[in-house]
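Chemist: My structure is stored as upload37.pdb, with PDB, C-alpha atoms.
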```pdb
ATOM      1  CA  MET A   1     109.359  95.917  79.202
ATOM      2  CA  SER A   2     106.718  93.248  79.408
ATOM      3  CA  GLU A   3     103.786  93.676  77.029
ATOM      4  CA  VAL A   4     100.354  92.153  77.007
ATOM      5  CA  GLN A   5     100.417  89.493  74.342
ATOM      6  CA  ARG A   6      98.149  86.680  73.365
ATOM      7  CA  VAL A   7      99.117  83.293  74.760
ATOM      8  CA  SER A   8      96.779  80.595  73.509
ATOM      9  CA  LEU A   9      95.832  77.325  75.100
ATOM     10  CA  ASP A  10      97.388  75.204  72.363
ATOM     11  CA  ALA A  11     100.820  76.591  73.232
ATOM     12  CA  ILE A  12     100.572  75.085  76.739
ATOM     13  CA  THR A  13     101.235  71.475  77.727
ATOM     14  CA  PRO A  14     101.129  69.729  81.114
ATOM     15  CA  GLY A  15     104.580  69.516  82.701
ATOM     16  CA  MET A  16     105.756  72.621  80.872
ATOM     17  CA  GLN A  17     108.244  74.711  82.858
ATOM     18  CA  LEU A  18     107.702  78.457  82.860
ATOM     19  CA  GLY A  19     110.832  80.542  82.414
ATOM     20  CA  GLN A  20     112.566  81.655  85.598
ATOM     21  CA  MET A  21     111.986  85.289  86.582
ATOM     22  CA  VAL A  22     114.308  87.020  89.042
ATOM     23  CA  TYR A  23     113.353  90.166  90.974
ATOM     24  CA  GLY A  24     115.443  92.349  93.254
ATOM     25  CA  PRO A  25     117.848  92.324  94.977
ATOM     26  CA  MET A  26     115.337  93.807  97.422
ATOM     27  CA  GLN A  27     116.443  96.868  99.331
ATOM     28  CA  ARG A  28     115.047  98.526 102.442
ATOM     29  CA  LYS A  29     113.614 101.222 100.162
ATOM     30  CA  ASP A  30     111.564  98.535  98.401
ATOM     31  CA  PHE A  31     110.081  97.487 101.763
ATOM     32  CA  LYS A  32     109.218 101.134 102.425
ATOM     33  CA  ALA A  33     107.664 101.591  98.970
ATOM     34  CA  TYR A  34     105.562  98.453  99.477
ATOM     35  CA  ALA A  35     104.567  99.574 102.985
ATOM     36  CA  ASP A  36     103.485 102.983 101.672
ATOM     37  CA  ALA A  37     101.515 101.513  98.758
ATOM     38  CA  SER A  38      99.935  98.582 100.590
ATOM     39  CA  GLY A  39      99.247 100.009 104.031
ATOM     40  CA  ASP A  40     101.296  97.274 105.731
ATOM     41  CA  ASP A  41     103.146  99.635 108.044
ATOM     42  CA  ASN A  42     104.368  97.030 110.549
ATOM     43  CA  PRO A  43     107.702  98.516 111.734
ATOM     44  CA  ILE A  44     109.268  95.033 111.700
ATOM     45  CA  HIS A  45     109.759  95.587 107.924
ATOM     46  CA  GLN A  46     111.243  99.083 108.152
ATOM     47  CA  ASP A  47     112.869  99.743 111.523
ATOM     48  CA  ASP A  48     115.987  97.664 112.259
ATOM     49  CA  GLU A  49     115.946  98.522 115.969
ATOM     50  CA  TYR A  50     112.321  97.461 116.271
ATOM     51  CA  ALA A  51     113.035  94.233 114.374
ATOM     52  CA  LYS A  52     116.002  93.457 116.646
ATOM     53  CA  ASN A  53     113.843  93.953 119.718
ATOM     54  CA  THR A  54     111.561  91.190 118.439
ATOM     55  CA  GLY A  55     114.561  88.854 118.033
ATOM     56  CA  ALA A  56     115.085  89.224 114.256
ATOM     57  CA  PRO A  57     118.615  90.207 113.131
ATOM     58  CA  SER A  58     117.253  92.976 110.875
ATOM     59  CA  VAL A  59     114.138  94.057 109.025
ATOM     60  CA  PHE A  60     112.725  91.517 106.575
ATOM     61  CA  ALA A  61     110.281  91.673 103.668
ATOM     62  CA  MET A  62     106.537  91.519 104.123
ATOM     63  CA  GLY A  63     105.448  88.204 102.571
ATOM     64  CA  MET A  64     103.142  89.963 100.137
ATOM     65  CA  LEU A  65     106.130  91.606  98.432
ATOM     66  CA  PRO A  66     107.586  88.359  96.993
ATOM     67  CA  ALA A  67     103.940  87.235  96.511
ATOM     68  CA  GLY A  68     103.481  90.361  94.382
ATOM     69  CA  TYR A  69     106.580  89.429  92.360
ATOM     70  CA  LEU A  70     105.148  85.962  91.824
ATOM     71  CA  ALA A  71     101.861  87.485  90.585
ATOM     72  CA  HIS A  72     103.976  89.651  88.279
ATOM     73  CA  ALA A  73     105.700  86.532  86.910
ATOM     74  CA  LEU A  74     102.309  84.823  86.327
ATOM     75  CA  SER A  75     101.071  87.860  84.445
ATOM     76  CA  ASP A  76     104.176  87.860  82.232
ATOM     77  CA  TRP A  77     104.081  84.081  81.647
ATOM     78  CA  PHE A  78     100.479  84.122  80.471
ATOM     79  CA  GLY A  79     100.248  87.280  78.388
ATOM     80  CA  GLY A  80      98.818  89.672  80.960
ATOM     81  CA  PRO A  81      97.058  89.622  84.304
ATOM     82  CA  GLN A  82      93.495  89.351  82.998
ATOM     83  CA  HIS A  83      93.542  85.553  82.643
ATOM     84  CA  LEU A  84      94.229  84.870  86.306
ATOM     85  CA  ARG A  85      91.326  83.110  88.076
ATOM     86  CA  ARG A  86      93.004  81.903  91.257
ATOM     87  CA  PHE A  87      96.295  82.621  93.011
ATOM     88  CA  LYS A  88      97.255  81.027  96.308
ATOM     89  CA  VAL A  89     100.503  81.228  98.258
ATOM     90  CA  ARG A  90     101.814  79.720 101.486
ATOM     91  CA  PHE A  91     104.598  81.564 103.235
ATOM     92  CA  THR A  92     107.528  79.331 104.199
ATOM     93  CA  THR A  93     110.455  81.485 105.219
ATOM     94  CA  ARG A  94     111.282  85.161 105.531
ATOM     95  CA  SER A  95     113.289  87.055 102.921
ATOM     96  CA  TRP A  96     115.880  89.674 103.754
ATOM     97  CA  PRO A  97     117.423  92.892 102.465
ATOM     98  CA  ASP A  98     119.712  92.183  99.462
ATOM     99  CA  ASP A  99     117.878  88.932  98.667
ATOM    100  CA  GLU A 100     116.873  88.243  95.100
ATOM    101  CA  ILE A 101     113.513  86.555  94.588
ATOM    102  CA  VAL A 102     113.616  83.728  92.059
ATOM    103  CA  CYS A 103     110.188  82.819  90.651
ATOM    104  CA  GLU A 104     109.441  79.544  88.877
ATOM    105  CA  GLY A 105     106.348  77.763  87.706
ATOM    106  CA  ARG A 106     105.225  74.509  86.135
ATOM    107  CA  VAL A 107     101.983  73.608  84.387
ATOM    108  CA  THR A 108     100.400  70.739  86.335
ATOM    109  CA  SER A 109      97.234  70.148  84.293
ATOM    110  CA  ILE A 110      94.856  71.615  81.769
ATOM    111  CA  GLU A 111      91.136  71.276  82.483
ATOM    112  CA  GLY A 112      88.995  72.764  79.742
ATOM    113  CA  LYS A 113      90.192  76.350  79.330
ATOM    114  CA  LEU A 114      91.794  76.334  82.764
ATOM    115  CA  VAL A 115      95.561  75.937  83.071
ATOM    116  CA  ARG A 116      96.665  74.864  86.558
ATOM    117  CA  VAL A 117     100.128  75.900  87.614
ATOM    118  CA  GLU A 118     102.391  75.207  90.592
ATOM    119  CA  VAL A 119     104.515  78.201  91.518
ATOM    120  CA  GLU A 120     107.293  78.981  93.934
ATOM    121  CA  ALA A 121     109.487  81.891  94.921
ATOM    122  CA  ARG A 122     112.912  81.315  96.457
ATOM    123  CA  ARG A 123     114.998  83.835  98.338
ATOM    124  CA  ARG A 124     118.597  83.931  97.085
ATOM    125  CA  GLY A 125     121.364  85.728  98.912
ATOM    126  CA  GLU A 126     123.639  85.810 101.938
ATOM    127  CA  GLY A 127     120.918  86.731 104.412
ATOM    128  CA  PRO A 128     121.840  88.100 107.837
ATOM    129  CA  PRO A 129     125.214  86.561 108.860
ATOM    130  CA  GLU A 130     123.844  85.611 112.320
ATOM    131  CA  LEU A 131     121.346  83.220 110.733
ATOM    132  CA  ASN A 132     123.882  81.358 108.609
ATOM    133  CA  LEU A 133     121.246  80.668 105.963
ATOM    134  CA  GLU A 134     121.542  78.521 102.901
ATOM    135  CA  HIS A 135     122.156  80.678  99.840
ATOM    136  CA  GLU A 136     118.832  79.721  98.306
ATOM    137  CA  GLN A 137     115.649  78.743 100.170
ATOM    138  CA  LEU A 138     111.967  78.344  99.421
ATOM    139  CA  ALA A 139     110.254  81.576 100.509
ATOM    140  CA  LEU A 140     106.771  80.778  99.301
ATOM    141  CA  SER A 141     104.952  78.154  97.298
ATOM    142  CA  GLY A 142     101.555  78.143  95.751
ATOM    143  CA  GLU A 143      99.170  77.448  92.915
ATOM    144  CA  ALA A 144      97.393  79.425  90.256
ATOM    145  CA  ASP A 145      94.598  78.822  87.737
ATOM    146  CA  ILE A 146      94.717  80.707  84.444
ATOM    147  CA  GLU A 147      91.854  80.792  81.962
ATOM    148  CA  LEU A 148      93.200  81.115  78.441
ATOM    149  CA  PRO A 149      91.411  81.783  75.173
ATOM    150  CA  ALA A 150      91.264  78.619  73.031
TER     151      ALA A 150
ATOM    152  CA  MET Y   1      80.097  92.190 120.927
ATOM    153  CA  ALA Y   2      81.564  90.819 117.722
ATOM    154  CA  GLU Y   3      79.713  91.073 114.440
ATOM    155  CA  ASP Y   4      79.481  88.425 111.719
ATOM    156  CA  GLU Y   5      80.418  90.708 108.859
ATOM    157  CA  LEU Y   6      82.276  93.939 108.307
ATOM    158  CA  VAL Y   7      81.331  96.028 105.280
ATOM    159  CA  PHE Y   8      83.692  98.610 103.799
ATOM    160  CA  ASP Y   9      84.517 100.531 100.615
ATOM    161  CA  LEU Y  10      87.756  99.947  98.714
ATOM    162  CA  PRO Y  11      88.416 102.856  96.356
ATOM    163  CA  VAL Y  12      90.603 101.891  93.384
ATOM    164  CA  GLU Y  13      92.346 105.167  92.660
ATOM    165  CA  LEU Y  14      94.632 105.651  89.674
ATOM    166  CA  ASP Y  15      97.627 107.008  91.635
ATOM    167  CA  HIS Y  16      97.298 104.261  94.195
ATOM    168  CA  VAL Y  17      97.145 101.542  91.530
ATOM    169  CA  GLN Y  18     100.273 102.925  89.862
ATOM    170  CA  ASP Y  19     102.154 103.210  93.176
ATOM    171  CA  PHE Y  20     101.184  99.671  94.132
ATOM    172  CA  ALA Y  21     102.202  98.322  90.705
ATOM    173  CA  ARG Y  22     105.582 100.062  91.005
ATOM    174  CA  ALA Y  23     106.047  98.643  94.521
ATOM    175  CA  VAL Y  24     105.673  95.050  93.274
ATOM    176  CA  GLY Y  25     108.092  95.725  90.409
ATOM    177  CA  GLU Y  26     105.482  95.740  87.636
ATOM    178  CA  ASP Y  27     106.450  97.205  84.297
ATOM    179  CA  ASN Y  28     103.494  96.119  82.169
ATOM    180  CA  PRO Y  29     101.830  99.292  80.808
ATOM    181  CA  VAL Y  30      98.310  97.942  81.498
ATOM    182  CA  PHE Y  31      98.977  98.863  85.150
ATOM    183  CA  PHE Y  32     100.091 102.421  84.320
ATOM    184  CA  ASN Y  33      98.701 103.720  81.049
ATOM    185  CA  ALA Y  34      94.951 104.021  80.421
ATOM    186  CA  GLU Y  35      95.385 104.107  76.645
ATOM    187  CA  VAL Y  36      97.305 100.825  76.594
ATOM    188  CA  ALA Y  37      94.821  99.296  79.039
ATOM    189  CA  GLU Y  38      91.949 100.321  76.725
ATOM    190  CA  GLN Y  39      93.696  98.757  73.739
ATOM    191  CA  HIS Y  40      93.573  95.500  75.673
ATOM    192  CA  GLY Y  41      89.894  95.776  76.468
ATOM    193  CA  PHE Y  42      90.007  97.272  79.956
ATOM    194  CA  PRO Y  43      87.956 100.379  80.761
ATOM    195  CA  ASN Y  44      90.929 101.909  82.600
ATOM    196  CA  VAL Y  45      94.297 101.076  84.166
ATOM    197  CA  VAL Y  46      94.182  97.624  85.822
ATOM    198  CA  ALA Y  47      95.025  96.946  89.467
ATOM    199  CA  PRO Y  48      97.684  94.248  90.049
ATOM    200  CA  PRO Y  49      96.334  90.873  91.265
ATOM    201  CA  THR Y  50      97.365  91.450  94.893
ATOM    202  CA  PHE Y  51      96.059  95.048  95.065
ATOM    203  CA  THR Y  52      93.149  94.315  97.430
ATOM    204  CA  THR Y  53      95.616  93.662 100.282
ATOM    205  CA  THR Y  54      95.380  97.468 100.553
ATOM    206  CA  GLN Y  55      92.099  96.746 102.394
ATOM    207  CA  ILE Y  56      94.207  97.193 105.552
ATOM    208  CA  LEU Y  57      94.084 100.927 104.796
ATOM    209  CA  GLN Y  58      90.266 100.809 104.948
ATOM    210  CA  VAL Y  59      89.996  98.315 107.792
ATOM    211  CA  PRO Y  60      92.932  98.641 110.192
ATOM    212  CA  ARG Y  61      93.802  95.584 112.262
ATOM    213  CA  GLU Y  62      92.359  97.093 115.455
ATOM    214  CA  GLN Y  63      88.997  97.675 113.788
ATOM    215  CA  ARG Y  64      88.984  94.187 112.281
ATOM    216  CA  GLU Y  65      89.725  92.691 115.691
ATOM    217  CA  ARG Y  66      87.145  94.815 117.464
ATOM    218  CA  GLN Y  67      84.356  94.099 114.988
ATOM    219  CA  LEU Y  68      85.008  90.483 114.054
ATOM    220  CA  GLY Y  69      86.530  89.450 117.352
ATOM    221  CA  ALA Y  70      89.055  86.724 116.472
ATOM    222  CA  ASN Y  71      90.901  87.660 119.660
ATOM    223  CA  LEU Y  72      94.380  86.884 118.297
ATOM    224  CA  ASP Y  73      97.618  87.574 120.169
ATOM    225  CA  TYR Y  74      99.531  89.425 117.431
ATOM    226  CA  GLY Y  75     102.868  88.861 119.159
ATOM    227  CA  ARG Y  76     102.534  85.216 118.011
ATOM    228  CA  VAL Y  77     100.820  85.731 114.666
ATOM    229  CA  LEU Y  78     102.290  84.996 111.219
ATOM    230  CA  HIS Y  79     100.808  85.517 107.774
ATOM    231  CA  GLY Y  80     100.480  81.868 106.772
ATOM    232  CA  GLU Y  81      98.603  81.865 103.478
ATOM    233  CA  GLN Y  82      96.977  84.193 101.012
ATOM    234  CA  GLU Y  83      94.537  83.268  98.275
ATOM    235  CA  PHE Y  84      92.622  85.239  95.652
ATOM    236  CA  LEU Y  85      89.718  84.006  93.503
ATOM    237  CA  TYR Y  86      89.096  86.274  90.529
ATOM    238  CA  LYS Y  87      86.116  86.969  88.309
ATOM    239  CA  ARG Y  88      88.071  89.940  86.965
ATOM    240  CA  LEU Y  89      90.694  92.409  88.179
ATOM    241  CA  PRO Y  90      89.687  95.766  89.656
ATOM    242  CA  VAL Y  91      90.188  98.829  87.444
ATOM    243  CA  ALA Y  92      91.117 102.382  88.376
ATOM    244  CA  GLY Y  93      88.186 104.698  88.976
ATOM    245  CA  GLU Y  94      85.801 102.221  90.575
ATOM    246  CA  THR Y  95      85.003 101.710  94.239
ATOM    247  CA  LEU Y  96      84.606  98.136  95.365
ATOM    248  CA  LYS Y  97      82.392  97.083  98.243
ATOM    249  CA  GLY Y  98      84.122  94.626 100.563
ATOM    250  CA  ARG Y  99      82.386  92.236 102.928
ATOM    251  CA  MET Y 100      84.778  90.649 105.396
ATOM    252  CA  ARG Y 101      84.057  87.733 107.711
ATOM    253  CA  ILE Y 102      85.941  84.982 109.494
ATOM    254  CA  SER Y 103      85.455  82.005 107.185
ATOM    255  CA  LYS Y 104      87.685  79.517 109.043
ATOM    256  CA  ASP Y 105      88.969  79.261 112.583
ATOM    257  CA  PHE Y 106      90.525  75.996 113.697
ATOM    258  CA  THR Y 107      93.385  74.642 115.761
ATOM    259  CA  LYS Y 108      95.781  71.855 114.911
ATOM    260  CA  ASP Y 109      98.804  70.299 116.529
ATOM    261  CA  GLY Y 110     102.134  71.764 115.456
ATOM    262  CA  LYS Y 111     105.104  69.681 114.313
ATOM    263  CA  ARG Y 112     107.206  70.760 117.276
ATOM    264  CA  GLY Y 113     104.515  70.335 119.880
ATOM    265  CA  GLY Y 114     102.003  72.930 120.932
ATOM    266  CA  SER Y 115      98.996  73.822 118.860
ATOM    267  CA  MET Y 116      98.614  76.328 116.063
ATOM    268  CA  ARG Y 117      95.447  78.263 115.388
ATOM    269  CA  PHE Y 118      94.487  79.137 111.803
ATOM    270  CA  VAL Y 119      92.141  82.060 111.233
ATOM    271  CA  THR Y 120      91.008  82.994 107.714
ATOM    272  CA  TYR Y 121      89.494  86.371 106.937
ATOM    273  CA  GLU Y 122      87.443  86.188 103.742
ATOM    274  CA  SER Y 123      86.739  89.427 101.890
ATOM    275  CA  VAL Y 124      84.277  89.296  99.012
ATOM    276  CA  PHE Y 125      84.525  92.331  96.736
ATOM    277  CA  THR Y 126      81.686  93.464  94.484
ATOM    278  CA  ASP Y 127      81.490  96.344  92.033
ATOM    279  CA  GLU Y 128      79.033  99.209  91.770
ATOM    280  CA  ALA Y 129      76.640  97.009  89.763
ATOM    281  CA  GLY Y 130      76.703  94.456  92.586
ATOM    282  CA  ASP Y 131      78.641  91.871  90.566
ATOM    283  CA  GLU Y 132      81.391  89.878  92.246
ATOM    284  CA  VAL Y 133      84.926  90.975  91.300
ATOM    285  CA  LEU Y 134      87.137  88.852  93.509
ATOM    286  CA  THR Y 135      87.445  87.108  96.852
ATOM    287  CA  ALA Y 136      90.545  87.428  99.033
ATOM    288  CA  LEU Y 137      91.367  84.893 101.759
ATOM    289  CA  TYR Y 138      93.855  86.110 104.327
ATOM    290  CA  THR Y 139      95.039  83.346 106.678
ATOM    291  CA  LEU Y 140      96.854  84.084 109.900
ATOM    292  CA  ILE Y 141      98.578  81.467 112.044
ATOM    293  CA  GLU Y 142      98.785  82.005 115.773
ATOM    294  CA  THR Y 143     101.702  79.927 117.031
ATOM    295  CA  ALA Y 144     101.752  78.194 120.407
ATOM    296  CA  LYS Y 145     102.854  80.267 123.365
ATOM    297  CA  ASP Y 146     105.900  78.131 124.188
ATOM    298  CA  VAL Y 147     107.180  77.509 120.641
ATOM    299  CA  GLY Y 148     109.418  79.724 118.491
TER     300      GLY Y 148
END
```
Reformat the file's structure so that it appears as structure tokens.
Modeler:
Amino acid sequence: MSEVQRVSLDAITPGMQLGQMVYGPMQRKDFKAYADASGDDNPIHQDDEYAKNTGAPSVFAMGMLPAGYLAHALSDWFGGPQHLRRFKVRFTTRSWPDDEIVCEGRVTSIEGKLVRVEVEARRRGEGPPELNLEHEQLALSGEADIELPA
Amino acid sequence: MAEDELVFDLPVELDHVQDFARAVGEDNPVFFNAEVAEQHGFPNVVAPPTFTTTQILQVPREQRERQLGANLDYGRVLHGEQEFLYKRLPVAGETLKGRMRISKDFTKDGKRGGSMRFVTYESVFTDEAGDEVLTALYTLIETAKDVG
């Protein structure tokens, strides 16, 4: 279990890699739990028939689910969520049932008390056979600013 | 007739915070246990950083469209970007006031021909004292009719 712990500014250096965090594999029940909690009830994430009618091979994750995992990773990397000042993500590709979400980050600069970080989440898995996807692909990329105690 | 701003309440309820935290795979007790949260200086259980996306429960898409009038064709719309700017995280037991407006609306040429329209909904959340808590920027991309 992750605990809130003190991470101080002097432990951080530009270029530092943050330890990889892996979430999932995501299941359809995780999409349903996120839909219920978030209010994103678009059937494209829960109803395979509906998804197929839109041209997708199956349901896929709402982007904010891997984004939530990435926020989770940031919170664990920096000793709790309270230091987060900015979090931005761009969605690149969809992620699918049975995908794992691999989160990574790198410190880009330190400006005063503010640590700037580049983050990404990759989907890892077979994906729907019809799509013939690469095993690992960038699902979302982004940036975060974390304000740490000196 | 479209309005410039849409004002709504976002209740931050304990059960909802815990359910949301579970749904994004959180296991840090500050999201679940008030005692632990207090030990870390929070007045109550903390909401995860992406919690305010639950604003869709308060402002359904149809209402947002009707009141702010972006006039998007949702058959061609993707969630392109999401950004949050934090003063602090919400805590269970408070009700935030949200003010939503369209902060950006522009069109640019797509890589594969056709144009893409970017619409950003900005929601500024304040607490009961009127202090800013966070701002959420929700960017939708409307793809060209003939692409994809």
Chemist: Using only C-alpha atoms, which chain A residues lie at most 9 Å away from chain Y, written as a PDB file with C-alpha atoms, in the coordinates of the input?
Modeler:
```pdb
ATOM      1  CA  MET A   1     109.359  95.917  79.202  1.00  0.00           C
ATOM      2  CA  SER A   2     106.718  93.248  79.408  1.00  0.00           C
ATOM      3  CA  GLU A   3     103.786  93.676  77.029  1.00  0.00           C
ATOM      4  CA  VAL A   4     100.354  92.153  77.007  1.00  0.00           C
ATOM      5  CA  TYR A  23     113.353  90.166  90.974  1.00  0.00           C
ATOM      6  CA  GLY A  24     115.443  92.349  93.254  1.00  0.00           C
ATOM      7  CA  ASP A  30     111.564  98.535  98.401  1.00  0.00           C
ATOM      8  CA  PHE A  31     110.081  97.487 101.763  1.00  0.00           C
ATOM      9  CA  LYS A  32     109.218 101.134 102.425  1.00  0.00           C
ATOM     10  CA  ALA A  33     107.664 101.591  98.970  1.00  0.00           C
ATOM     11  CA  TYR A  34     105.562  98.453  99.477  1.00  0.00           C
ATOM     12  CA  ALA A  35     104.567  99.574 102.985  1.00  0.00           C
ATOM     13  CA  ASP A  36     103.485 102.983 101.672  1.00  0.00           C
ATOM     14  CA  ALA A  37     101.515 101.513  98.758  1.00  0.00           C
ATOM     15  CA  SER A  38      99.935  98.582 100.590  1.00  0.00           C
ATOM     16  CA  GLY A  39      99.247 100.009 104.031  1.00  0.00           C
ATOM     17  CA  ASP A  40     101.296  97.274 105.731  1.00  0.00           C
ATOM     18  CA  GLY A  63     105.448  88.204 102.571  1.00  0.00           C
ATOM     19  CA  MET A  64     103.142  89.963 100.137  1.00  0.00           C
ATOM     20  CA  LEU A  65     106.130  91.606  98.432  1.00  0.00           C
ATOM     21  CA  PRO A  66     107.586  88.359  96.993  1.00  0.00           C
ATOM     22  CA  ALA A  67     103.940  87.235  96.511  1.00  0.00           C
ATOM     23  CA  GLY A  68     103.481  90.361  94.382  1.00  0.00           C
ATOM     24  CA  TYR A  69     106.580  89.429  92.360  1.00  0.00           C
ATOM     25  CA  ALA A  71     101.861  87.485  90.585  1.00  0.00           C
ATOM     26  CA  HIS A  72     103.976  89.651  88.279  1.00  0.00           C
ATOM     27  CA  SER A  75     101.071  87.860  84.445  1.00  0.00           C
ATOM     28  CA  ASP A  76     104.176  87.860  82.232  1.00  0.00           C
ATOM     29  CA  GLY A  80      98.818  89.672  80.960  1.00  0.00           C
ATOM     30  CA  PRO A  81      97.058  89.622  84.304  1.00  0.00           C
ATOM     31  CA  GLN A  82      93.495  89.351  82.998  1.00  0.00           C
ATOM     32  CA  HIS A  83      93.542  85.553  82.643  1.00  0.00           C
ATOM     33  CA  LEU A  84      94.229  84.870  86.306  1.00  0.00           C
ATOM     34  CA  ARG A  85      91.326  83.110  88.076  1.00  0.00           C
ATOM     35  CA  ARG A  86      93.004  81.903  91.257  1.00  0.00           C
ATOM     36  CA  PHE A  87      96.295  82.621  93.011  1.00  0.00           C
ATOM     37  CA  LYS A  88      97.255  81.027  96.308  1.00  0.00           C
ATOM     38  CA  VAL A  89     100.503  81.228  98.258  1.00  0.00           C
ATOM     39  CA  ARG A  90     101.814  79.720 101.486  1.00  0.00           C
ATOM     40  CA  PHE A  91     104.598  81.564 103.235  1.00  0.00           C
ATOM     41  CA  THR A  92     107.528  79.331 104.199  1.00  0.00           C
TER      42      THR A  92
END
```
Chemist: For the structure provided, state which residues fall under the PyMOL selection byres ((chain Y and resi 10) around 8), and present them as a PyMOL selection string.
Modeler: chain Y and resi 8-9+11-12+52+55+58+95-98
Chemist: Run through the PyMOL selection byres ((chain A and resi 17) around 7) on the given coordinates and return the selected residues as a compact mmCIF listing (two decimals) with C-alpha atoms, in the coordinates of the input.
Modeler:
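The file below, out39.txt, is the result:
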```
# COMPACT_ATOMS: atom_id res chain seq x y z
CA GLY A 15 104.58 69.52 82.70
CA MET A 16 105.76 72.62 80.87
CA LEU A 18 107.70 78.46 82.86
CA GLY A 19 110.83 80.54 82.41
CA GLY A 105 106.35 77.76 87.71
CA ARG A 106 105.22 74.51 86.14
CA VAL A 107 101.98 73.61 84.39
```
Chemist: Just the residues within 9 Å of A:Glu126, please, counting all atoms listed in the file, with nothing from its chain fewer than 4 positions along; format it as a ChimeraX atom specification.
Modeler: /A:96,98-99,132-136
Chemist: I need the residue set behind the PyMOL selection byres ((chain A and resi 110-124) around 7) for this file; please write it as an MDAnalysis selection string.
Modeler: chainID A and resid 14 70 95 99:109 125 135:150
Chemist: Please determine an axis-aligned box that encloses all atoms of stretch 105-124 of chain A listed in the file, with 4 Å added on each side, and express its centre and edge lengths in Å to one decimal as AutoDock Vina command-line options.
Modeler:
```
--center_x 103.8 --center_y 77.0 --center_z 88.8 --size_x 37.6 --size_y 21.8 --size_z 27.0
```
Chemist: Can you pull out every residue within 12 Å of stretch 50-54 of chain A, counting all atoms listed in the file, but drop anything in the same chain fewer than 4 positions away, and send it as a tab-separated table (two decimals) with C-alpha atoms, in the frame of the given file?
Modeler:
```
chain	number	residue	atom	x	y	z
A	42	ASN	CA	104.37	97.03	110.55
A	43	PRO	CA	107.70	98.52	111.73
A	44	ILE	CA	109.27	95.03	111.70
A	45	HIS	CA	109.76	95.59	107.92
A	46	GLN	CA	111.24	99.08	108.15
A	58	SER	CA	117.25	92.98	110.88
A	59	VAL	CA	114.14	94.06	109.02
A	60	PHE	CA	112.72	91.52	106.58
A	61	ALA	CA	110.28	91.67	103.67
A	96	TRP	CA	115.88	89.67	103.75
A	128	PRO	CA	121.84	88.10	107.84
A	130	GLU	CA	123.84	85.61	112.32
Y	75	GLY	CA	102.87	88.86	119.16
Y	76	ARG	CA	102.53	85.22	118.01
Y	148	GLY	CA	109.42	79.72	118.49
```
